[in-house]
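Trainee: Structure supplied as work_12.cif; contents: mmCIF, C-alpha atoms.
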data_start
loop_
_atom_site.group_PDB
_atom_site.id
_atom_site.type_symbol
_atom_site.label_atom_id
_atom_site.label_comp_id
_atom_site.auth_asym_id
_atom_site.auth_seq_id
_atom_site.Cartn_x
_atom_site.Cartn_y
_atom_site.Cartn_z
ATOM 1 C CA MET A 1 -66.179 -23.002 101.923
ATOM 2 C CA LYS A 2 -69.239 -21.849 103.807
ATOM 3 C CA LYS A 3 -67.054 -19.354 105.667
ATOM 4 C CA ILE A 4 -65.735 -17.941 102.374
ATOM 5 C CA ILE A 5 -69.264 -17.595 100.949
ATOM 6 C CA ALA A 6 -70.441 -15.908 104.141
ATOM 7 C CA LEU A 7 -67.467 -13.534 104.025
ATOM 8 C CA LEU A 8 -68.133 -12.652 100.375
ATOM 9 C CA ALA A 9 -71.803 -12.048 101.164
ATOM 10 C CA ALA A 10 -70.862 -9.737 104.023
ATOM 11 C CA VAL A 11 -68.466 -7.796 101.784
ATOM 12 C CA LEU A 12 -71.134 -7.508 99.087
ATOM 13 C CA MET A 13 -73.719 -6.289 101.614
ATOM 14 C CA LEU A 14 -71.268 -3.704 102.982
ATOM 15 C CA THR A 15 -70.540 -2.468 99.438
ATOM 16 C CA VAL A 16 -74.257 -2.078 98.700
ATOM 17 C CA LEU A 17 -74.870 -0.225 101.953
ATOM 18 C CA THR A 18 -71.898 2.071 101.346
ATOM 19 C CA ALA A 19 -73.054 2.791 97.796
ATOM 20 C CA GLY A 20 -76.553 3.462 99.105
ATOM 21 C CA CYS A 21 -75.225 5.927 101.649
ATOM 22 C CA GLY A 22 -73.206 7.589 98.920
ATOM 23 C CA ASP A 23 -76.309 7.983 96.750
ATOM 24 C CA LYS A 24 -78.248 9.505 99.627
ATOM 25 C CA LYS A 25 -75.497 12.013 100.254
ATOM 26 C CA ALA A 26 -75.389 12.976 96.580
ATOM 27 C CA ALA A 27 -79.154 13.305 96.381
ATOM 28 C CA ALA A 28 -79.548 15.242 99.617
ATOM 29 C CA PRO A 29 -80.272 18.934 99.018
ATOM 30 C CA ALA A 30 -77.419 21.285 99.710
ATOM 31 C CA THR A 31 -77.772 23.672 102.573
ATOM 32 C CA PRO A 32 -79.505 26.679 101.057
ATOM 33 C CA ALA A 33 -77.256 29.702 100.724
ATOM 34 C CA ALA A 34 -78.330 33.028 102.045
ATOM 35 C CA ASP A 35 -80.854 34.669 99.727
ATOM 36 C CA LYS A 36 -79.213 37.043 97.301
ATOM 37 C CA LYS A 37 -80.455 40.616 97.250
ATOM 38 C CA VAL A 38 -82.267 41.867 94.181
ATOM 39 C CA VAL A 39 -80.396 44.791 92.634
ATOM 40 C CA LEU A 40 -82.631 47.575 91.334
ATOM 41 C CA LYS A 41 -81.008 50.301 89.207
ATOM 42 C CA VAL A 42 -82.933 53.566 89.105
ATOM 43 C CA GLY A 43 -81.877 56.660 87.179
ATOM 44 C CA ALA A 44 -82.521 60.063 88.765
ATOM 45 C CA THR A 45 -81.544 63.700 88.652
ATOM 46 C CA PRO A 46 -79.634 64.691 91.817
ATOM 47 C CA VAL A 47 -82.186 67.015 93.466
ATOM 48 C CA PRO A 48 -84.704 66.129 94.737
ATOM 49 C CA HIS A 49 -85.111 62.742 93.048
ATOM 50 C CA ALA A 50 -81.857 61.072 94.077
ATOM 51 C CA GLU A 51 -82.223 62.523 97.583
ATOM 52 C CA ILE A 52 -85.680 60.976 97.928
ATOM 53 C CA LEU A 53 -84.419 57.630 96.632
ATOM 54 C CA LYS A 54 -81.536 57.668 99.118
ATOM 55 C CA ALA A 55 -84.057 58.167 101.914
ATOM 56 C CA ILE A 56 -85.790 54.868 101.067
ATOM 57 C CA GLN A 57 -82.675 52.735 100.530
ATOM 58 C CA PRO A 58 -82.738 51.344 104.117
ATOM 59 C CA LEU A 59 -86.435 50.509 103.818
ATOM 60 C CA LEU A 60 -85.923 48.587 100.581
ATOM 61 C CA ALA A 61 -82.869 46.817 102.007
ATOM 62 C CA LYS A 62 -85.137 45.248 104.616
ATOM 63 C CA ASP A 63 -87.147 43.789 101.735
ATOM 64 C CA GLY A 64 -84.030 42.313 100.159
ATOM 65 C CA ILE A 65 -83.684 45.024 97.497
ATOM 66 C CA GLU A 66 -80.393 46.792 96.896
ATOM 67 C CA LEU A 67 -81.306 50.145 95.374
ATOM 68 C CA LYS A 68 -78.582 51.510 93.117
ATOM 69 C CA ILE A 69 -79.096 55.146 92.135
ATOM 70 C CA VAL A 70 -77.618 56.289 88.818
ATOM 71 C CA GLU A 71 -77.512 60.086 88.633
ATOM 72 C CA PHE A 72 -78.115 62.052 85.429
ATOM 73 C CA THR A 73 -78.011 65.784 84.798
ATOM 74 C CA ASP A 74 -80.099 65.884 81.627
ATOM 75 C CA TYR A 75 -83.634 65.006 80.519
ATOM 76 C CA VAL A 76 -82.742 62.698 77.607
ATOM 77 C CA ARG A 77 -80.359 59.964 78.682
ATOM 78 C CA PRO A 78 -82.432 58.568 81.602
ATOM 79 C CA ASN A 79 -85.278 57.527 79.277
ATOM 80 C CA VAL A 80 -82.928 56.151 76.639
ATOM 81 C CA ALA A 81 -81.078 54.130 79.299
ATOM 82 C CA LEU A 82 -84.377 52.782 80.622
ATOM 83 C CA ALA A 83 -85.544 51.738 77.162
ATOM 84 C CA GLU A 84 -82.189 50.037 76.519
ATOM 85 C CA LYS A 85 -82.511 48.109 79.817
ATOM 86 C CA GLU A 86 -79.528 49.788 81.430
ATOM 87 C CA LEU A 87 -81.959 50.834 84.177
ATOM 88 C CA ASP A 88 -84.949 49.188 85.822
ATOM 89 C CA ALA A 89 -86.754 52.508 86.293
ATOM 90 C CA ASN A 90 -86.142 56.220 86.324
ATOM 91 C CA PHE A 91 -87.369 59.084 88.468
ATOM 92 C CA PHE A 92 -86.837 62.593 87.116
ATOM 93 C CA GLN A 93 -89.753 63.700 84.928
ATOM 94 C CA HIS A 94 -93.447 64.495 84.811
ATOM 95 C CA LEU A 95 -95.994 62.509 82.824
ATOM 96 C CA PRO A 96 -96.511 64.956 79.902
ATOM 97 C CA TYR A 97 -92.756 64.939 79.245
ATOM 98 C CA LEU A 98 -92.577 61.133 79.350
ATOM 99 C CA GLN A 99 -95.542 60.769 77.017
ATOM 100 C CA GLN A 100 -94.108 63.236 74.494
ATOM 101 C CA PHE A 101 -90.610 61.734 74.670
ATOM 102 C CA ALA A 102 -91.886 58.168 74.308
ATOM 103 C CA ALA A 103 -94.126 59.101 71.356
ATOM 104 C CA ASP A 104 -91.335 60.972 69.561
ATOM 105 C CA ARG A 105 -88.862 58.109 69.960
ATOM 106 C CA LYS A 106 -91.334 55.228 69.801
ATOM 107 C CA LEU A 107 -90.386 53.887 73.236
ATOM 108 C CA ASP A 108 -92.597 51.634 75.380
ATOM 109 C CA LEU A 109 -92.207 53.570 78.619
ATOM 110 C CA VAL A 110 -95.025 54.195 81.104
ATOM 111 C CA SER A 111 -95.635 55.735 84.510
ATOM 112 C CA LEU A 112 -95.923 53.435 87.523
ATOM 113 C CA ILE A 113 -96.702 55.993 90.249
ATOM 114 C CA ALA A 114 -96.841 59.761 90.794
ATOM 115 C CA VAL A 115 -94.587 60.915 93.637
ATOM 116 C CA HIS A 116 -94.294 64.695 93.908
ATOM 117 C CA ILE A 117 -94.840 68.053 92.236
ATOM 118 C CA GLU A 118 -92.076 70.603 91.701
ATOM 119 C CA PRO A 119 -93.728 73.982 91.097
ATOM 120 C CA MET A 120 -91.912 75.840 88.308
ATOM 121 C CA GLY A 121 -90.827 79.369 89.174
ATOM 122 C CA VAL A 122 -89.782 82.671 87.609
ATOM 123 C CA TYR A 123 -86.369 83.859 88.859
ATOM 124 C CA SER A 124 -84.159 86.890 88.353
ATOM 125 C CA LYS A 125 -80.906 88.389 89.591
ATOM 126 C CA LYS A 126 -81.726 91.777 88.093
ATOM 127 C CA ILE A 127 -85.203 92.640 89.369
ATOM 128 C CA LYS A 128 -87.231 91.907 92.502
ATOM 129 C CA SER A 129 -90.757 91.798 91.070
ATOM 130 C CA VAL A 130 -92.432 90.830 87.802
ATOM 131 C CA ASN A 131 -93.754 94.407 87.769
ATOM 132 C CA GLU A 132 -90.190 95.616 87.239
ATOM 133 C CA VAL A 133 -89.640 93.695 83.989
ATOM 134 C CA PRO A 134 -88.265 96.255 81.476
ATOM 135 C CA ASN A 135 -89.286 96.615 77.855
ATOM 136 C CA GLY A 136 -87.245 94.267 75.704
ATOM 137 C CA GLY A 137 -86.337 92.067 78.666
ATOM 138 C CA ILE A 138 -84.781 88.704 77.853
ATOM 139 C CA VAL A 139 -86.646 85.683 79.256
ATOM 140 C CA ALA A 140 -85.054 82.222 79.299
ATOM 141 C CA ILE A 141 -87.384 79.217 79.129
ATOM 142 C CA PRO A 142 -86.809 75.442 78.693
ATOM 143 C CA ASN A 143 -86.395 74.350 75.089
ATOM 144 C CA ASP A 144 -88.250 71.038 75.362
ATOM 145 C CA PRO A 145 -91.893 71.230 74.210
ATOM 146 C CA THR A 146 -93.678 70.258 77.425
ATOM 147 C CA ASN A 147 -91.656 72.423 79.806
ATOM 148 C CA GLY A 148 -91.446 75.279 77.314
ATOM 149 C CA GLY A 149 -95.223 75.449 77.047
ATOM 150 C CA ARG A 150 -95.512 75.146 80.790
ATOM 151 C CA ALA A 151 -93.119 78.080 81.262
ATOM 152 C CA LEU A 152 -95.065 80.272 78.828
ATOM 153 C CA SER A 153 -98.270 79.399 80.679
ATOM 154 C CA ILE A 154 -96.677 80.587 83.935
ATOM 155 C CA LEU A 155 -95.566 83.846 82.322
ATOM 156 C CA ALA A 156 -99.165 84.316 81.182
ATOM 157 C CA GLN A 157 -100.385 83.629 84.737
ATOM 158 C CA ALA A 158 -97.958 86.322 85.915
ATOM 159 C CA GLY A 159 -99.553 88.800 83.509
ATOM 160 C CA LEU A 160 -96.482 89.300 81.321
ATOM 161 C CA ILE A 161 -97.888 87.808 78.102
ATOM 162 C CA LYS A 162 -101.077 86.370 76.636
ATOM 163 C CA MET A 163 -101.312 83.077 74.793
ATOM 164 C CA LYS A 164 -103.566 81.895 72.005
ATOM 165 C CA ASP A 165 -106.843 80.560 73.378
ATOM 166 C CA GLY A 166 -106.889 76.822 73.963
ATOM 167 C CA VAL A 167 -103.160 76.072 73.721
ATOM 168 C CA GLY A 168 -102.750 75.720 77.481
ATOM 169 C CA VAL A 169 -99.367 74.273 78.438
ATOM 170 C CA LYS A 170 -98.775 73.049 74.859
ATOM 171 C CA GLY A 171 -98.171 76.534 73.541
ATOM 172 C CA THR A 172 -94.984 77.733 71.875
ATOM 173 C CA VAL A 173 -93.435 81.155 71.425
ATOM 174 C CA LYS A 174 -95.391 81.364 68.168
ATOM 175 C CA ASP A 175 -98.632 81.166 70.189
ATOM 176 C CA VAL A 176 -97.910 84.373 72.124
ATOM 177 C CA THR A 177 -100.680 86.785 71.066
ATOM 178 C CA ASP A 178 -99.877 89.736 73.301
ATOM 179 C CA ASN A 179 -96.408 90.743 74.427
ATOM 180 C CA PRO A 180 -96.732 94.343 75.671
ATOM 181 C CA LYS A 181 -93.161 94.572 76.986
ATOM 182 C CA LYS A 182 -91.702 93.092 73.790
ATOM 183 C CA LEU A 183 -90.011 90.337 75.745
ATOM 184 C CA VAL A 184 -87.350 88.353 73.907
ATOM 185 C CA PHE A 185 -87.523 84.605 74.537
ATOM 186 C CA LYS A 186 -84.368 82.563 74.801
ATOM 187 C CA GLU A 187 -84.916 78.796 74.700
ATOM 188 C CA LEU A 188 -82.254 76.802 76.565
ATOM 189 C CA GLU A 189 -81.639 73.285 77.843
ATOM 190 C CA ALA A 190 -83.345 73.039 81.244
ATOM 191 C CA PRO A 191 -80.094 72.416 83.210
ATOM 192 C CA GLN A 192 -78.603 75.643 81.801
ATOM 193 C CA LEU A 193 -81.406 77.907 83.035
ATOM 194 C CA PRO A 194 -79.984 78.702 86.512
ATOM 195 C CA ARG A 195 -76.631 79.599 84.937
ATOM 196 C CA SER A 196 -78.393 81.931 82.513
ATOM 197 C CA LEU A 197 -79.564 84.260 85.296
ATOM 198 C CA ASP A 198 -76.455 86.423 84.971
ATOM 199 C CA ASP A 199 -77.268 87.113 81.324
ATOM 200 C CA VAL A 200 -81.083 87.367 81.165
ATOM 201 C CA THR A 201 -83.789 89.405 82.826
ATOM 202 C CA LEU A 202 -85.863 86.394 83.875
ATOM 203 C CA ALA A 203 -85.595 82.631 83.706
ATOM 204 C CA VAL A 204 -88.408 80.145 84.211
ATOM 205 C CA ILE A 205 -86.757 77.217 85.976
ATOM 206 C CA ASN A 206 -87.837 73.718 86.972
ATOM 207 C CA SER A 207 -87.610 73.342 90.750
ATOM 208 C CA ASN A 208 -85.131 70.465 90.642
ATOM 209 C CA TYR A 209 -82.591 72.642 88.829
ATOM 210 C CA ALA A 210 -83.462 75.633 90.995
ATOM 211 C CA LEU A 211 -82.755 73.600 94.130
ATOM 212 C CA GLU A 212 -79.449 72.345 92.706
ATOM 213 C CA ALA A 213 -78.468 75.980 92.141
ATOM 214 C CA LYS A 214 -79.317 76.777 95.793
ATOM 215 C CA LEU A 215 -82.429 78.739 94.801
ATOM 216 C CA ASN A 216 -85.391 78.352 97.135
ATOM 217 C CA PRO A 217 -88.599 78.303 95.062
ATOM 218 C CA THR A 218 -90.742 79.500 97.949
ATOM 219 C CA LYS A 219 -88.426 82.413 98.803
ATOM 220 C CA ASP A 220 -86.465 83.324 95.686
ATOM 221 C CA ALA A 221 -89.031 82.940 92.912
ATOM 222 C CA LEU A 222 -90.722 86.164 91.767
ATOM 223 C CA PHE A 223 -93.703 84.093 90.692
ATOM 224 C CA ILE A 224 -94.389 80.390 91.228
ATOM 225 C CA GLU A 225 -96.686 77.891 89.587
ATOM 226 C CA LYS A 226 -99.841 77.019 91.446
ATOM 227 C CA LYS A 227 -99.751 73.798 93.467
ATOM 228 C CA GLU A 228 -102.662 72.425 91.437
ATOM 229 C CA SER A 229 -100.204 71.778 88.613
ATOM 230 C CA PRO A 230 -100.817 68.538 86.686
ATOM 231 C CA TYR A 231 -97.073 68.037 86.377
ATOM 232 C CA ALA A 232 -96.481 65.413 89.049
ATOM 233 C CA ASN A 233 -93.073 63.753 88.862
ATOM 234 C CA ILE A 234 -93.369 60.033 88.255
ATOM 235 C CA LEU A 235 -91.549 56.743 88.532
ATOM 236 C CA ALA A 236 -91.162 55.579 84.917
ATOM 237 C CA ILE A 237 -90.713 51.954 83.865
ATOM 238 C CA ARG A 238 -90.822 49.819 80.735
ATOM 239 C CA LYS A 239 -94.291 48.757 79.647
ATOM 240 C CA GLY A 240 -94.922 45.211 80.900
ATOM 241 C CA ASP A 241 -92.956 45.659 84.135
ATOM 242 C CA GLU A 242 -95.922 47.010 86.093
ATOM 243 C CA LYS A 243 -96.167 43.880 88.271
ATOM 244 C CA ARG A 244 -92.474 43.204 88.896
ATOM 245 C CA PRO A 245 -92.396 42.632 92.677
ATOM 246 C CA GLU A 246 -89.334 44.787 93.324
ATOM 247 C CA LEU A 247 -90.808 47.699 91.331
ATOM 248 C CA VAL A 248 -94.096 47.389 93.185
ATOM 249 C CA LYS A 249 -92.156 47.589 96.460
ATOM 250 C CA LEU A 250 -90.241 50.612 95.166
ATOM 251 C CA ALA A 251 -93.479 52.389 94.249
ATOM 252 C CA LYS A 252 -94.949 51.583 97.659
ATOM 253 C CA ALA A 253 -91.876 52.972 99.422
ATOM 254 C CA LEU A 254 -91.902 56.165 97.347
ATOM 255 C CA THR A 255 -95.498 56.881 98.347
ATOM 256 C CA SER A 256 -95.161 55.942 102.006
ATOM 257 C CA PRO A 257 -95.950 58.254 104.955
ATOM 258 C CA ASP A 258 -92.214 58.392 105.702
ATOM 259 C CA VAL A 259 -91.459 59.816 102.250
ATOM 260 C CA LYS A 260 -94.304 62.313 102.521
ATOM 261 C CA LYS A 261 -92.832 63.582 105.797
ATOM 262 C CA PHE A 262 -89.313 63.615 104.325
ATOM 263 C CA ILE A 263 -90.458 65.776 101.389
ATOM 264 C CA GLU A 264 -92.422 68.175 103.572
ATOM 265 C CA ASP A 265 -89.656 68.542 106.169
ATOM 266 C CA LYS A 266 -86.740 68.862 103.756
ATOM 267 C CA TYR A 267 -88.131 71.011 100.961
ATOM 268 C CA LYS A 268 -90.552 73.282 102.848
ATOM 269 C CA GLY A 269 -93.017 73.632 99.985
ATOM 270 C CA ALA A 270 -90.459 73.731 97.162
ATOM 271 C CA VAL A 271 -91.405 70.103 96.489
ATOM 272 C CA VAL A 272 -94.953 68.932 97.235
ATOM 273 C CA PRO A 273 -96.081 65.299 97.721
ATOM 274 C CA ALA A 274 -98.502 64.157 95.001
ATOM 275 C CA PHE A 275 -100.043 61.359 97.066
#
Any chance you could put this one into structure tokens?
Mentor:
Amino acid sequence: MKKIIALLAAVLMLTVLTAGCGDKKAAAPATPAADKKVVLKVGATPVPHAEILKAIQPLLAKDGIELKIVEFTDYVRPNVALAEKELDANFFQHLPYLQQFAADRKLDLVSLIAVHIEPMGVYSKKIKSVNEVPNGGIVAIPNDPTNGGRALSILAQAGLIKMKDGVGVKGTVKDVTDNPKKLVFKELEAPQLPRSLDDVTLAVINSNYALEAKLNPTKDALFIEKKESPYANILAIRKGDEKRPELVKLAKALTSPDVKKFIEDKYKGAVVPAF
């Protein structure tokens, strides 16, 4: 009898120990898997914005960030996509454009960092100097308010027109007070401006679209905006995302010495670092 009791006790003890080991195994933390990369989707126009972003992809990868670049060829969809959370940020515009666009559409979009300036230029396939502009010449300018006013300001700097006092870069065609050559203004979507050169006397073109069309702003422009332009291109984000770690790292990478050198070496003055 004693042997049976002892045997039962041993079996019971073994069962308890086995169950205990099983509990420990269940409770033990699993071997941590490799950290997943954070995916960051940034909208950009192809030149120079997407090119600059591609240059920092390896740097961000070291920080565990997979930078996905979504290319756009217009000035509307990137902000709409950002507001609708299809993107984490976008990089294609200057601050005055963002502010006007966000106000018009009631979007909570803000600038995180200024990256570079793209001096706007006056181009032509028909003449070689602004002094050769004929009477009644057709001049193509961007049709969005901020870039349109900026283009008119440049034409005034070139001595072709005069604008109403005080309008600055917010002027419209209606604010032209002196037009001695009776220039005819043709307002077009910014991406269409390079293609318009076959049909107009002059076109005032944003540098990103000029570069895409293989125009060199420092060599091909008849007149170019001064480098003191306030129109720095920015990294735009949704309001409230200013402290997101991956966006902070993106902003830091975009304003790094490596990016400054990349811009200076690649664009030779057609794009100027703003930091």
Trainee: For segment 161-176 of chain A, please output as a list in words all residues within 6 Å (counting all atoms listed in the file; exclusion window: fewer than 5 positions along the same chain).
Mentor: Gly149, Arg150, Ser153 and Ala156 of chain A
Trainee: May I have the protein, DNA and RNA residues with any atom at most 7 Å from the point (-92.6, 65.0, 94.9), counting all atoms listed in the file, written as a PyMOL selection string?
Mentor: chain A and resi 115-118+233+263+271-274
Trainee: Mind writing the picked residues with C-alpha atoms as a compact mmCIF listing (two decimals), keeping the file's coordinate frame?
Mentor:
# COMPACT_ATOMS: atom_id res chain seq x y z
CA VAL A 115 -94.59 60.92 93.64
CA HIS A 116 -94.29 64.69 93.91
CA ILE A 117 -94.84 68.05 92.24
CA GLU A 118 -92.08 70.60 91.70
CA ASN A 233 -93.07 63.75 88.86
CA ILE A 263 -90.46 65.78 101.39
CA VAL A 271 -91.40 70.10 96.49
CA VAL A 272 -94.95 68.93 97.24
CA PRO A 273 -96.08 65.30 97.72
CA ALA A 274 -98.50 64.16 95.00
Trainee: Since I can't run it myself right now, could you work out what the PyMOL selection byres ((chain A and resi 137) around 7) selects here and report it as a list in words?
Mentor: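 The output of the PyMOL selection byres ((chain A and resi 137) around 7) on this file is Val133, Pro134, Asn135, Gly136, Ile138, Val139, Leu183, Val184 and Thr201 of chain A.
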Trainee: For the structure shown, which residues end up in the PyMOL selection byres ((chain A and resi 105-107) around 9)? Put them as a ChimeraX atom specification, please?
Mentor: /A:79-80,83,100-104,108-109,238
Trainee: So that I can see what lies close to Val42 of chain A, please list as an NGL selection string the residues with an atom at most 7 Å from it, counting all atoms listed in the file and leaving out residues fewer than 6 positions away in the same chain.
Mentor: :A and (68-70 or 87-90)
